[in-house]
Structures are given as C-alpha cells and as structure tokens.
file structure_27.csv (CSV, C-alpha atoms)
chain,number,residue,atom,x,y,z
D,1,MET,CA,-69.1,66.0,-109.4
D,2,THR,CA,-65.9,64.0,-109.0
D,3,VAL,CA,-63.0,65.1,-111.1
D,4,VAL,CA,-60.0,62.8,-111.4
D,5,MET,CA,-57.0,63.8,-113.5
D,6,ARG,CA,-55.1,60.8,-114.8
D,7,ASP,CA,-52.3,62.7,-116.6
D,8,ALA,CA,-49.7,63.7,-113.9
D,9,ALA,CA,-48.8,66.8,-116.0
D,10,GLU,CA,-52.5,67.9,-115.8
D,11,GLU,CA,-53.3,66.8,-112.3
D,12,LEU,CA,-54.8,69.6,-110.2
D,13,VAL,CA,-54.4,70.3,-106.5
D,14,VAL,CA,-56.8,72.4,-104.5
D,15,LEU,CA,-55.3,75.6,-103.1
D,16,VAL,CA,-56.7,76.7,-99.7
D,17,SER,CA,-56.6,79.5,-97.2
D,18,PRO,CA,-55.2,78.9,-93.7
D,19,ASP,CA,-58.7,78.1,-92.5
D,20,GLY,CA,-59.2,75.5,-95.2
D,21,GLU,CA,-61.4,77.3,-97.7
D,22,ALA,CA,-60.8,76.6,-101.3
D,23,ILE,CA,-59.2,79.6,-103.1
D,24,GLY,CA,-58.3,78.0,-106.5
D,25,THR,CA,-56.4,75.2,-108.1
D,26,ALA,CA,-53.0,74.7,-109.6
D,27,PRO,CA,-51.2,72.0,-111.6
D,28,LYS,CA,-49.5,69.5,-109.3
D,29,ALA,CA,-46.5,69.6,-111.6
D,30,THR,CA,-45.9,73.3,-110.9
D,31,VAL,CA,-47.1,73.8,-107.3
D,32,HIS,CA,-44.1,72.5,-105.3
D,33,HIS,CA,-41.2,74.9,-105.1
D,34,ALA,CA,-39.5,77.3,-102.6
D,35,ASP,CA,-42.7,79.2,-102.1
D,36,THR,CA,-45.3,76.4,-102.3
D,37,PRO,CA,-48.8,77.6,-101.6
D,38,LEU,CA,-51.0,75.9,-99.0
D,39,HIS,CA,-53.0,73.1,-100.5
D,40,LEU,CA,-55.0,70.0,-99.7
D,41,ALA,CA,-53.4,66.6,-99.3
D,42,PHE,CA,-53.9,63.4,-97.4
D,43,SER,CA,-51.8,60.7,-95.7
D,44,VAL,CA,-52.8,57.1,-95.3
D,45,TYR,CA,-51.5,54.3,-93.0
D,46,LEU,CA,-52.3,50.8,-94.5
D,47,LEU,CA,-52.3,47.8,-92.2
D,48,ASP,CA,-52.5,44.1,-93.0
D,49,ASP,CA,-54.4,41.4,-91.2
D,50,ALA,CA,-51.5,40.9,-88.8
D,51,GLY,CA,-51.4,44.6,-87.8
D,52,SER,CA,-48.2,45.5,-89.7
D,53,LEU,CA,-47.9,48.8,-91.4
D,54,LEU,CA,-46.8,49.3,-95.0
D,55,VAL,CA,-43.9,51.7,-95.0
D,56,THR,CA,-42.7,53.2,-98.3
D,57,GLN,CA,-39.7,54.9,-99.7
D,58,ARG,CA,-40.4,57.7,-102.1
D,59,ALA,CA,-38.9,57.3,-105.6
D,60,LEU,CA,-35.4,58.7,-106.0
D,61,ALA,CA,-36.6,60.8,-109.0
D,62,LYS,CA,-39.4,62.6,-107.2
D,63,ALA,CA,-39.3,66.3,-107.2
D,64,THR,CA,-40.2,66.5,-103.5
D,65,PHE,CA,-38.5,64.6,-100.7
D,66,PRO,CA,-36.9,61.9,-103.0
D,67,GLY,CA,-35.7,58.7,-101.3
D,68,VAL,CA,-37.3,59.6,-98.0
D,69,TRP,CA,-39.1,56.8,-96.1
D,70,THR,CA,-42.6,57.6,-95.0
D,71,ASN,CA,-46.1,56.2,-94.3
D,72,SER,CA,-47.9,54.0,-96.8
D,73,ALA,CA,-49.1,56.7,-99.2
D,74,CYS,CA,-49.7,60.4,-99.6
D,75,GLY,CA,-51.5,62.3,-102.3
D,76,HIS,CA,-53.8,65.1,-103.3
D,77,PRO,CA,-57.6,64.9,-103.8
D,78,ALA,CA,-58.7,66.3,-107.1
D,79,PRO,CA,-61.2,69.1,-107.0
D,80,GLY,CA,-64.5,67.7,-105.8
D,81,GLU,CA,-63.1,64.2,-105.1
D,82,PRO,CA,-64.0,62.8,-101.7
D,83,VAL,CA,-60.8,62.1,-99.7
D,84,GLU,CA,-61.6,58.3,-99.3
D,85,ASP,CA,-61.9,58.0,-103.1
D,86,ALA,CA,-58.6,59.8,-103.5
D,87,VAL,CA,-56.9,57.4,-101.1
D,88,ARG,CA,-58.2,54.3,-102.9
D,89,ARG,CA,-57.2,55.8,-106.2
D,90,ARG,CA,-53.7,56.5,-105.0
D,91,ALA,CA,-53.3,53.1,-103.3
D,92,ARG,CA,-54.3,51.3,-106.6
D,93,ASP,CA,-52.1,53.5,-108.8
D,94,GLU,CA,-49.0,53.7,-106.6
D,95,LEU,CA,-49.1,50.4,-104.7
D,96,GLY,CA,-51.4,48.1,-106.7
D,97,LEU,CA,-53.4,47.5,-103.5
D,98,ASP,CA,-57.2,47.6,-102.9
D,99,VAL,CA,-58.0,49.3,-99.6
D,100,HIS,CA,-61.0,48.7,-97.3
D,101,GLY,CA,-62.1,49.8,-93.9
D,102,LEU,CA,-60.9,53.4,-94.4
D,103,ARG,CA,-61.3,55.6,-91.3
D,104,LEU,CA,-60.5,59.3,-90.8
D,105,VAL,CA,-58.3,59.6,-87.7
D,106,LEU,CA,-56.5,63.0,-87.8
D,107,PRO,CA,-58.9,65.3,-89.7
D,108,ARG,CA,-57.1,68.5,-88.7
D,109,PHE,CA,-53.4,67.5,-89.4
D,110,SER,CA,-51.3,70.0,-91.2
D,111,TYR,CA,-47.6,70.6,-91.7
D,112,ARG,CA,-44.9,72.5,-93.5
D,113,ALA,CA,-41.6,70.9,-94.4
D,114,GLU,CA,-38.6,71.7,-96.6
D,115,MET,CA,-35.9,69.6,-98.3
D,116,ASP,CA,-33.3,70.9,-100.7
D,117,GLY,CA,-35.1,74.2,-101.1
D,118,VAL,CA,-38.5,72.6,-102.0
D,119,VAL,CA,-41.4,73.1,-99.6
D,120,GLU,CA,-44.4,71.0,-98.8
D,121,TRP,CA,-47.1,73.0,-97.1
D,122,GLU,CA,-50.4,71.1,-96.7
D,123,LEU,CA,-53.6,70.6,-94.9
D,124,CYS,CA,-53.2,66.9,-94.7
D,125,PRO,CA,-55.9,64.8,-93.0
D,126,VAL,CA,-54.7,61.3,-92.0
D,127,LEU,CA,-56.6,58.1,-92.6
D,128,VAL,CA,-56.0,54.5,-91.7
D,129,GLY,CA,-57.1,51.6,-93.9
D,130,GLN,CA,-56.8,47.8,-94.3
D,131,VAL,CA,-55.5,45.5,-97.0
D,132,SER,CA,-56.4,41.8,-97.0
D,133,GLY,CA,-53.9,39.2,-96.2
D,134,VAL,CA,-50.6,39.2,-94.3
D,135,ALA,CA,-47.8,41.3,-95.8
D,136,PRO,CA,-49.2,41.2,-99.4
D,137,ARG,CA,-46.7,42.1,-102.0
D,138,PRO,CA,-47.5,45.6,-103.4
D,139,GLY,CA,-47.2,46.3,-107.1
D,140,LEU,CA,-45.1,49.5,-106.9
D,141,ASP,CA,-45.2,52.3,-109.5
D,142,PRO,CA,-41.4,53.0,-109.8
D,143,ALA,CA,-42.1,56.6,-110.7
D,144,GLU,CA,-43.6,57.0,-107.2
D,145,VAL,CA,-42.2,54.4,-104.9
D,146,GLU,CA,-38.6,53.1,-104.7
D,147,ALA,CA,-39.2,50.4,-102.1
D,148,ALA,CA,-41.7,49.2,-99.5
D,149,GLU,CA,-41.7,47.0,-96.4
D,150,TRP,CA,-44.2,45.7,-93.8
D,151,VAL,CA,-43.3,46.6,-90.2
D,152,PRO,CA,-45.3,45.8,-87.0
D,153,TRP,CA,-47.0,49.0,-86.0
D,154,ARG,CA,-45.8,49.1,-82.4
D,155,GLU,CA,-42.2,48.6,-83.6
D,156,PHE,CA,-42.5,51.3,-86.3
D,157,ALA,CA,-44.0,53.8,-83.9
D,158,ALA,CA,-41.4,53.2,-81.2
D,159,ASP,CA,-38.6,53.5,-83.6
D,160,VAL,CA,-39.9,56.7,-85.2
D,161,ARG,CA,-40.6,58.3,-81.8
D,162,SER,CA,-37.1,57.4,-80.5
D,163,GLY,CA,-35.3,58.6,-83.6
D,164,ARG,CA,-34.0,55.1,-84.4
D,165,ARG,CA,-35.9,55.3,-87.7
D,166,ASP,CA,-35.6,58.3,-90.0
D,167,VAL,CA,-38.8,59.2,-91.8
D,168,SER,CA,-40.4,62.2,-93.5
D,169,THR,CA,-41.2,65.3,-91.4
D,170,TRP,CA,-45.0,64.7,-91.8
D,171,CYS,CA,-44.8,61.0,-90.9
D,172,ARG,CA,-42.8,61.7,-87.7
D,173,GLU,CA,-45.3,64.3,-86.6
D,174,GLN,CA,-48.3,62.1,-87.6
D,175,VAL,CA,-46.9,59.1,-85.7
D,176,ALA,CA,-46.6,61.2,-82.5
D,177,GLU,CA,-50.3,62.2,-82.8
D,178,LEU,CA,-51.4,58.7,-83.7
D,179,ALA,CA,-49.6,57.1,-80.8
D,180,ALA,CA,-51.3,59.6,-78.5
D,181,LEU,CA,-54.7,58.2,-79.7
D,182,GLY,CA,-53.9,54.7,-78.4
D,183,PRO,CA,-51.3,51.9,-78.7
D,184,GLU,CA,-53.1,50.0,-81.5
D,185,PRO,CA,-54.7,51.4,-84.6
D,186,ALA,CA,-58.0,49.6,-83.7
D,187,ASP,CA,-58.1,51.8,-80.6
D,188,TRP,CA,-57.9,55.1,-82.6
D,189,PRO,CA,-61.2,56.9,-82.5
D,190,THR,CA,-62.7,57.8,-85.9
D,191,GLY,CA,-62.4,61.6,-86.5
D,192,ALA,CA,-65.4,63.7,-87.4
D,193,ALA,CA,-65.8,64.4,-91.1
D,194,ALA,CA,-67.0,67.9,-90.1
D,195,ALA,CA,-63.5,68.6,-88.8
D,196,LEU,CA,-62.0,68.3,-92.3
D,197,PRO,CA,-60.9,71.5,-94.1
D,198,PRO,CA,-64.1,73.1,-95.6
D,199,ALA,CA,-62.6,72.6,-99.1
D,200,MET,CA,-62.3,68.8,-98.5
D,201,SER,CA,-65.3,66.4,-98.8
D,202,SER,CA,-65.7,63.0,-97.3
D,203,ARG,CA,-68.0,60.1,-98.0
D,204,SER,CA,-68.8,57.4,-95.3
D,205,THR,CA,-67.7,54.2,-97.0
D,206,GLY,CA,-65.7,51.3,-95.6
call {"tool": "encode", "arguments": {"input": "structure_27.csv", "output": "structure tokens"}}
result
Amino acid sequence: MTVVMRDAAEELVVLVSPDGEAIGTAPKATVHHADTPLHLAFSVYLLDDAGSLLVTQRALAKATFPGVWTNSACGHPAPGEPVEDAVRRRARDELGLDVHGLRLVLPRFSYRAEMDGVVEWELCPVLVGQVSGVAPRPGLDPAEVEAAEWVPWREFAADVRSGRRDVSTWCREQVAELAALGPEPADWPTGAAAALPPAMSSRSTG
C-alpha cells in the first residue's frame, strides 16, 4: 500500500540499517540533526528536450543545507511508496513539473554530509527523467526552492568536476559517478531495480 504524507510536519522517512533493511520510521521534521540516522532518500536529474539540466538552489529557510545549489530535486519516499512515484510527487510539489521517462541510474548511491552541525546521511538512489519542452519555467515552491536555472549537461558536469561550480556534497559525488557512465545522459545504462536498498521499492513506469 502506498502511503503519502502531505503535511510536512507529519511526513515520515524510512530508517534503514547500513545494508538497506528497513528498521523503522521517523518524522521528517525531527530526523535531521547532529546525529541523523541513516534513512532512505532519492536524487533526480531532470533534463529538457535540448539536453539541459534543471539545477536548483535550496530555499534559504531550509533546515538542512540552506541556499546550496544542487541537482533538480531530492526527497524521501514515504513508507511503501515506489521511488518513481516519490520522484514525480516531489517534482510536482516542489517544481510544478510533470516528469516522464524516469530511469534508475545509480541504485546504490549513498553519502554522508554535514553543514553547520546538521548531518545528512542517506541511502540515496539517483534517477534521471525528462520534462517536455525547452527550458520550461518551473513553478517553484518558495519553502523548498530559492531559484532554478537550466544548464547544458556537459557544461554543468565539467564545471562541477573542475570545482568552478560549487554544489552540494551529494551532487558533486553523483556528478562524478554519472560522468563515468557516459558523456550524455542518454548513454547512461539503466540500473537494476534489484540493486536498490531492500527497503526501497521500484515500479517500472516511464
């Protein structure tokens, strides 16, 4: 059964063991602190019809990594929610965009990062998806996103890897792994759903 929590104060994240087994849940509003437990998340890279990537700046009022530029969107699947459904939900709520052609590309990605004493520690599979049109204007939720811009993928990847563009810890690490898959997102092989953390489900929909 899919469970989607609409109230941010009640939204639950799935806590996991280091091998990705579910060990409980916790309210999202309370889970991020100096001793954040390992939990499930996702990152998505959204591309337009011209091959440009939507890059976003996290809202300045966010409790974790405020004002940091990063990939298109990140979030947490609700208990029992397939990761693709979570990505689409987040893209609609945060960016006002409908996503199609979702593919899993880094099913085993994980990271730990800290900023101003607040830790992110996540098993965070990475997906790539499409939005229709060329540089469509997103409808940003100001509580989540301060700003956004479309950047050609190759330019973005080169600038991140060279250090010319400052981005979140997870985005920098993800870009290095994505670039190793091929120079263009269309070249990236689709990852196996079986490689996802055991606590995370997937459904094969485009």
call {"tool": "closest_residue", "arguments": {"input": "structure_27.csv", "among": "D:Ala78, D:Ala34, D:Ala147, D:Val167", "to": "Thr64 in chain D", "atoms": "all atoms listed in the file"}}
result
D:Ala34
call {"tool": "residues_around", "arguments": {"input": "structure_27.csv", "residues": "Glu173 in chain D", "least_positions_apart": "6", "cutoff": "10 Å", "atoms": "all atoms listed in the file", "output": "ChimeraX atom specification"}}
result
/D:109-111,160-161,167
call {"tool": "write_last_selection", "arguments": {"input": "structure_27.csv", "atoms": "C-alpha atoms", "output": "tab-separated table (two decimals), in the frame of the given file"}}
result
chain	number	residue	atom	x	y	z
D	109	PHE	CA	-53.40	67.50	-89.40
D	110	SER	CA	-51.30	70.00	-91.20
D	111	TYR	CA	-47.60	70.60	-91.70
D	160	VAL	CA	-39.90	56.70	-85.20
D	161	ARG	CA	-40.60	58.30	-81.80
D	167	VAL	CA	-38.80	59.20	-91.80
call {"tool": "closest_atom_pairs", "arguments": {"input": "structure_27.csv", "of": "range 39-73 of chain D", "to": "range 134-146 of chain D", "cutoff": "10 Å", "atoms": "all atoms listed in the file", "output": "JSON lines"}}
result
{"residue": "D:Leu47", "atom": "CA", "partner": "D:Ala135", "partner_atom": "CA", "distance": 8.7}
{"residue": "D:Asp48", "atom": "CA", "partner": "D:Val134", "partner_atom": "CA", "distance": 5.4}
{"residue": "D:Asp49", "atom": "CA", "partner": "D:Val134", "partner_atom": "CA", "distance": 5.4}
{"residue": "D:Ala50", "atom": "CA", "partner": "D:Val134", "partner_atom": "CA", "distance": 5.8}
{"residue": "D:Gly51", "atom": "CA", "partner": "D:Val134", "partner_atom": "CA", "distance": 8.5}
{"residue": "D:Ser52", "atom": "CA", "partner": "D:Ala135", "partner_atom": "CA", "distance": 7.4}
{"residue": "D:Leu53", "atom": "CA", "partner": "D:Ala135", "partner_atom": "CA", "distance": 8.7}
{"residue": "D:Leu54", "atom": "CA", "partner": "D:Ala135", "partner_atom": "CA", "distance": 8.1}
{"residue": "D:Thr56", "atom": "CA", "partner": "D:Val145", "partner_atom": "CA", "distance": 6.7}
{"residue": "D:Gln57", "atom": "CA", "partner": "D:Glu146", "partner_atom": "CA", "distance": 5.4}
{"residue": "D:Arg58", "atom": "CA", "partner": "D:Val145", "partner_atom": "CA", "distance": 4.7}
{"residue": "D:Ala59", "atom": "CA", "partner": "D:Glu146", "partner_atom": "CA", "distance": 4.3}
{"residue": "D:Leu60", "atom": "CA", "partner": "D:Glu146", "partner_atom": "CA", "distance": 6.6}
{"residue": "D:Ala61", "atom": "CA", "partner": "D:Ala143", "partner_atom": "CA", "distance": 7.1}
{"residue": "D:Lys62", "atom": "CA", "partner": "D:Glu144", "partner_atom": "CA", "distance": 7.0}
{"residue": "D:Pro66", "atom": "CA", "partner": "D:Glu146", "partner_atom": "CA", "distance": 9.1}
{"residue": "D:Gly67", "atom": "CA", "partner": "D:Glu146", "partner_atom": "CA", "distance": 7.2}
{"residue": "D:Val68", "atom": "CA", "partner": "D:Glu146", "partner_atom": "CA", "distance": 9.4}
{"residue": "D:Trp69", "atom": "CA", "partner": "D:Glu146", "partner_atom": "CA", "distance": 9.4}
{"residue": "D:Ser72", "atom": "CA", "partner": "D:Val145", "partner_atom": "CA", "distance": 9.9}
{"residue": "D:Ala73", "atom": "CA", "partner": "D:Val145", "partner_atom": "CA", "distance": 9.2}
call {"tool": "residues_around", "arguments": {"input": "structure_27.csv", "residues": "Asp187 in chain D", "least_positions_apart": "4", "cutoff": "12 Å", "atoms": "all atoms listed in the file", "output": "ChimeraX atom specification"}}
result
/D:103,105,128,178-183
call {"tool": "atom_distance", "arguments": {"input": "structure_27.csv", "atom1": "CA of Gly24 in chain D", "atom2": "CA of Gly129 in chain D"}}
result
29.3 Å
call {"tool": "residues_around", "arguments": {"input": "structure_27.csv", "residues": "range 13-16 of chain D", "least_positions_apart": "2", "cutoff": "9 Å", "atoms": "all atoms listed in the file", "output": "list in words"}}
result
Glu11, Pro18, Asp19, Gly20, Glu21, Ala22, Ile23, Gly24, Thr25, Ala26, Pro27, Lys28, Val31, Pro37, Leu38, His39, Leu40, Ala41, His76, Pro77, Ala78, Pro79, Glu122, Leu123, Pro197, Ala199 and Met200 of chain D
call {"tool": "residues_around", "arguments": {"input": "structure_27.csv", "residues": "Thr190 in chain D", "least_positions_apart": "2", "cutoff": "9 Å", "atoms": "all atoms listed in the file", "output": "list in words"}}
result
Arg103, Leu104, Val105, Leu106, Trp188, Ala192 and Ala193 of chain D
call {"tool": "residues_around", "arguments": {"input": "structure_27.csv", "residues": "Glu114 in chain D", "least_positions_apart": "6", "cutoff": "12 Å", "atoms": "only C-alpha atoms", "output": "PDB file with C-alpha atoms, in the frame of the given file"}}
result
ATOM      1  CA  HIS D  32     -44.100  72.500-105.300  1.00  0.00           C
ATOM      2  CA  HIS D  33     -41.200  74.900-105.100  1.00  0.00           C
ATOM      3  CA  ALA D  34     -39.500  77.300-102.600  1.00  0.00           C
ATOM      4  CA  ASP D  35     -42.700  79.200-102.100  1.00  0.00           C
ATOM      5  CA  THR D  36     -45.300  76.400-102.300  1.00  0.00           C
ATOM      6  CA  ALA D  63     -39.300  66.300-107.200  1.00  0.00           C
ATOM      7  CA  THR D  64     -40.200  66.500-103.500  1.00  0.00           C
ATOM      8  CA  PHE D  65     -38.500  64.600-100.700  1.00  0.00           C
ATOM      9  CA  PRO D  66     -36.900  61.900-103.000  1.00  0.00           C
ATOM     10  CA  GLU D 120     -44.400  71.000 -98.800  1.00  0.00           C
ATOM     11  CA  TRP D 121     -47.100  73.000 -97.100  1.00  0.00           C
ATOM     12  CA  GLU D 122     -50.400  71.100 -96.700  1.00  0.00           C
ATOM     13  CA  SER D 168     -40.400  62.200 -93.500  1.00  0.00           C
ATOM     14  CA  THR D 169     -41.200  65.300 -91.400  1.00  0.00           C
ATOM     15  CA  TRP D 170     -45.000  64.700 -91.800  1.00  0.00           C
TER      16      TRP D 170
END
call {"tool": "atom_distance", "arguments": {"input": "structure_27.csv", "atom1": "CA of Val99 in chain D", "atom2": "CA of Leu46 in chain D"}}
result
7.8 Å
call {"tool": "closest_residue", "arguments": {"input": "structure_27.csv", "among": "D:Ala86, D:Pro125, D:Thr30, D:Arg112", "to": "Phe42 in chain D", "atoms": "only C-alpha atoms"}}
result
D:Pro125
call {"tool": "decode", "arguments": {"input": "structure_27.csv", "residues": "range 4-44 of chain D", "atoms": "N, CA and C atoms", "output": "JSON list (two decimals), in the first residue's frame"}}
result
[["chain", "number", "residue", "atom", "x", "y", "z"],
["D", 4, "VAL", "N", 1.36, 8.31, 1.35],
["D", 4, "VAL", "CA", 1.95, 9.60, 1.02],
["D", 4, "VAL", "C", 1.49, 10.61, 2.06],
["D", 5, "MET", "N", 2.42, 11.17, 2.80],
["D", 5, "MET", "CA", 2.10, 12.14, 3.83],
["D", 5, "MET", "C", 2.17, 13.53, 3.24],
["D", 6, "ARG", "N", 1.08, 14.27, 3.26],
["D", 6, "ARG", "CA", 1.02, 15.58, 2.65],
["D", 6, "ARG", "C", 1.45, 16.69, 3.60],
["D", 7, "ASP", "N", 1.24, 16.51, 4.90],
["D", 7, "ASP", "CA", 1.62, 17.52, 5.88],
["D", 7, "ASP", "C", 3.09, 17.34, 6.20],
["D", 8, "ALA", "N", 3.91, 18.38, 5.95],
["D", 8, "ALA", "CA", 5.35, 18.26, 6.17],
["D", 8, "ALA", "C", 5.67, 17.91, 7.61],
["D", 9, "ALA", "N", 4.84, 18.38, 8.54],
["D", 9, "ALA", "CA", 5.09, 18.10, 9.95],
["D", 9, "ALA", "C", 4.87, 16.63, 10.28],
["D", 10, "GLU", "N", 4.09, 15.92, 9.44],
["D", 10, "GLU", "CA", 3.79, 14.52, 9.69],
["D", 10, "GLU", "C", 4.49, 13.59, 8.70],
["D", 11, "GLU", "N", 5.20, 14.13, 7.73],
["D", 11, "GLU", "CA", 5.85, 13.30, 6.72],
["D", 11, "GLU", "C", 6.86, 12.36, 7.37],
["D", 12, "LEU", "N", 6.80, 11.10, 7.00],
["D", 12, "LEU", "CA", 7.68, 10.10, 7.58],
["D", 12, "LEU", "C", 8.80, 9.74, 6.61],
["D", 13, "VAL", "N", 9.98, 9.49, 7.16],
["D", 13, "VAL", "CA", 11.08, 8.93, 6.38],
["D", 13, "VAL", "C", 11.35, 7.52, 6.90],
["D", 14, "VAL", "N", 11.91, 6.69, 6.01],
["D", 14, "VAL", "CA", 12.18, 5.30, 6.34],
["D", 14, "VAL", "C", 13.60, 5.17, 6.85],
["D", 15, "LEU", "N", 13.75, 4.73, 8.08],
["D", 15, "LEU", "CA", 15.07, 4.48, 8.67],
["D", 15, "LEU", "C", 15.56, 3.11, 8.23],
["D", 16, "VAL", "N", 16.87, 3.02, 7.97],
["D", 16, "VAL", "CA", 17.42, 1.77, 7.45],
["D", 16, "VAL", "C", 18.73, 1.41, 8.15],
["D", 17, "SER", "N", 19.05, 0.13, 8.08],
["D", 17, "SER", "CA", 20.35, -0.36, 8.52],
["D", 17, "SER", "C", 21.37, -0.08, 7.42],
["D", 18, "PRO", "N", 22.67, -0.23, 7.71],
["D", 18, "PRO", "CA", 23.67, 0.01, 6.66],
["D", 18, "PRO", "C", 23.50, -0.85, 5.41],
["D", 19, "ASP", "N", 22.87, -2.02, 5.54],
["D", 19, "ASP", "CA", 22.64, -2.85, 4.35],
["D", 19, "ASP", "C", 21.30, -2.57, 3.68],
["D", 20, "GLY", "N", 20.59, -1.51, 4.14],
["D", 20, "GLY", "CA", 19.40, -1.08, 3.46],
["D", 20, "GLY", "C", 18.10, -1.70, 3.90],
["D", 21, "GLU", "N", 18.11, -2.45, 5.00],
["D", 21, "GLU", "CA", 16.88, -3.04, 5.51],
["D", 21, "GLU", "C", 16.13, -2.01, 6.36],
["D", 22, "ALA", "N", 14.82, -1.95, 6.21],
["D", 22, "ALA", "CA", 14.02, -1.02, 6.99],
["D", 22, "ALA", "C", 14.05, -1.40, 8.46],
["D", 23, "ILE", "N", 14.26, -0.40, 9.32],
["D", 23, "ILE", "CA", 14.28, -0.66, 10.77],
["D", 23, "ILE", "C", 13.30, 0.25, 11.51],
["D", 24, "GLY", "N", 12.51, 1.04, 10.76],
["D", 24, "GLY", "CA", 11.54, 1.91, 11.41],
["D", 24, "GLY", "C", 11.28, 3.15, 10.59],
["D", 25, "THR", "N", 10.54, 4.08, 11.16],
["D", 25, "THR", "CA", 10.27, 5.36, 10.53],
["D", 25, "THR", "C", 10.47, 6.47, 11.56],
["D", 26, "ALA", "N", 10.57, 7.69, 11.05],
["D", 26, "ALA", "CA", 10.69, 8.86, 11.92],
["D", 26, "ALA", "C", 10.12, 10.06, 11.19],
["D", 27, "PRO", "N", 9.55, 11.03, 11.91],
["D", 27, "PRO", "CA", 9.05, 12.23, 11.25],
["D", 27, "PRO", "C", 10.19, 12.99, 10.57],
["D", 28, "LYS", "N", 9.97, 13.39, 9.34],
["D", 28, "LYS", "CA", 11.00, 14.14, 8.62],
["D", 28, "LYS", "C", 11.39, 15.40, 9.38],
["D", 29, "ALA", "N", 10.43, 16.03, 10.03],
["D", 29, "ALA", "CA", 10.69, 17.29, 10.73],
["D", 29, "ALA", "C", 11.67, 17.14, 11.89],
["D", 30, "THR", "N", 11.88, 15.90, 12.34],
["D", 30, "THR", "CA", 12.74, 15.70, 13.51],
["D", 30, "THR", "C", 13.99, 14.87, 13.21],
["D", 31, "VAL", "N", 14.12, 14.34, 12.00],
["D", 31, "VAL", "CA", 15.16, 13.35, 11.75],
["D", 31, "VAL", "C", 16.53, 13.95, 11.47],
["D", 32, "HIS", "N", 16.60, 15.20, 11.00],
["D", 32, "HIS", "CA", 17.88, 15.79, 10.62],
["D", 32, "HIS", "C", 18.44, 16.64, 11.75],
["D", 33, "HIS", "N", 19.61, 16.23, 12.24],
["D", 33, "HIS", "CA", 20.27, 16.93, 13.34],
["D", 33, "HIS", "C", 21.73, 16.49, 13.35],
["D", 34, "ALA", "N", 22.43, 16.71, 14.46],
["D", 34, "ALA", "CA", 23.85, 16.37, 14.51],
["D", 34, "ALA", "C", 24.10, 14.87, 14.48],
["D", 35, "ASP", "N", 23.09, 14.08, 14.83],
["D", 35, "ASP", "CA", 23.24, 12.62, 14.85],
["D", 35, "ASP", "C", 22.14, 11.98, 14.00],
["D", 36, "THR", "N", 21.97, 12.47, 12.79],
["D", 36, "THR", "CA", 20.93, 11.99, 11.89],
["D", 36, "THR", "C", 21.07, 10.49, 11.63],
["D", 37, "PRO", "N", 20.00, 9.73, 11.79],
["D", 37, "PRO", "CA", 20.08, 8.29, 11.48],
["D", 37, "PRO", "C", 20.07, 8.06, 9.97],
["D", 38, "LEU", "N", 20.64, 6.95, 9.55],
["D", 38, "LEU", "CA", 20.64, 6.57, 8.14],
["D", 38, "LEU", "C", 19.20, 6.33, 7.68],
["D", 39, "HIS", "N", 18.84, 6.92, 6.52],
["D", 39, "HIS", "CA", 17.47, 6.79, 6.04],
["D", 39, "HIS", "C", 17.44, 6.81, 4.51],
["D", 40, "LEU", "N", 16.27, 6.48, 3.97],
["D", 40, "LEU", "CA", 16.10, 6.43, 2.52],
["D", 40, "LEU", "C", 15.84, 7.81, 1.94],
["D", 41, "ALA", "N", 16.37, 8.03, 0.75],
["D", 41, "ALA", "CA", 16.14, 9.28, 0.02],
["D", 41, "ALA", "C", 16.27, 8.97, -1.47],
["D", 42, "PHE", "N", 16.18, 10.01, -2.29],
["D", 42, "PHE", "CA", 16.46, 9.88, -3.72],
["D", 42, "PHE", "C", 16.95, 11.23, -4.23],
["D", 43, "SER", "N", 17.65, 11.20, -5.35],
["D", 43, "SER", "CA", 18.00, 12.40, -6.10],
["D", 43, "SER", "C", 17.56, 12.18, -7.55],
["D", 44, "VAL", "N", 17.11, 13.27, -8.19],
["D", 44, "VAL", "CA", 16.72, 13.16, -9.59],
["D", 44, "VAL", "C", 17.35, 14.28, -10.39]]
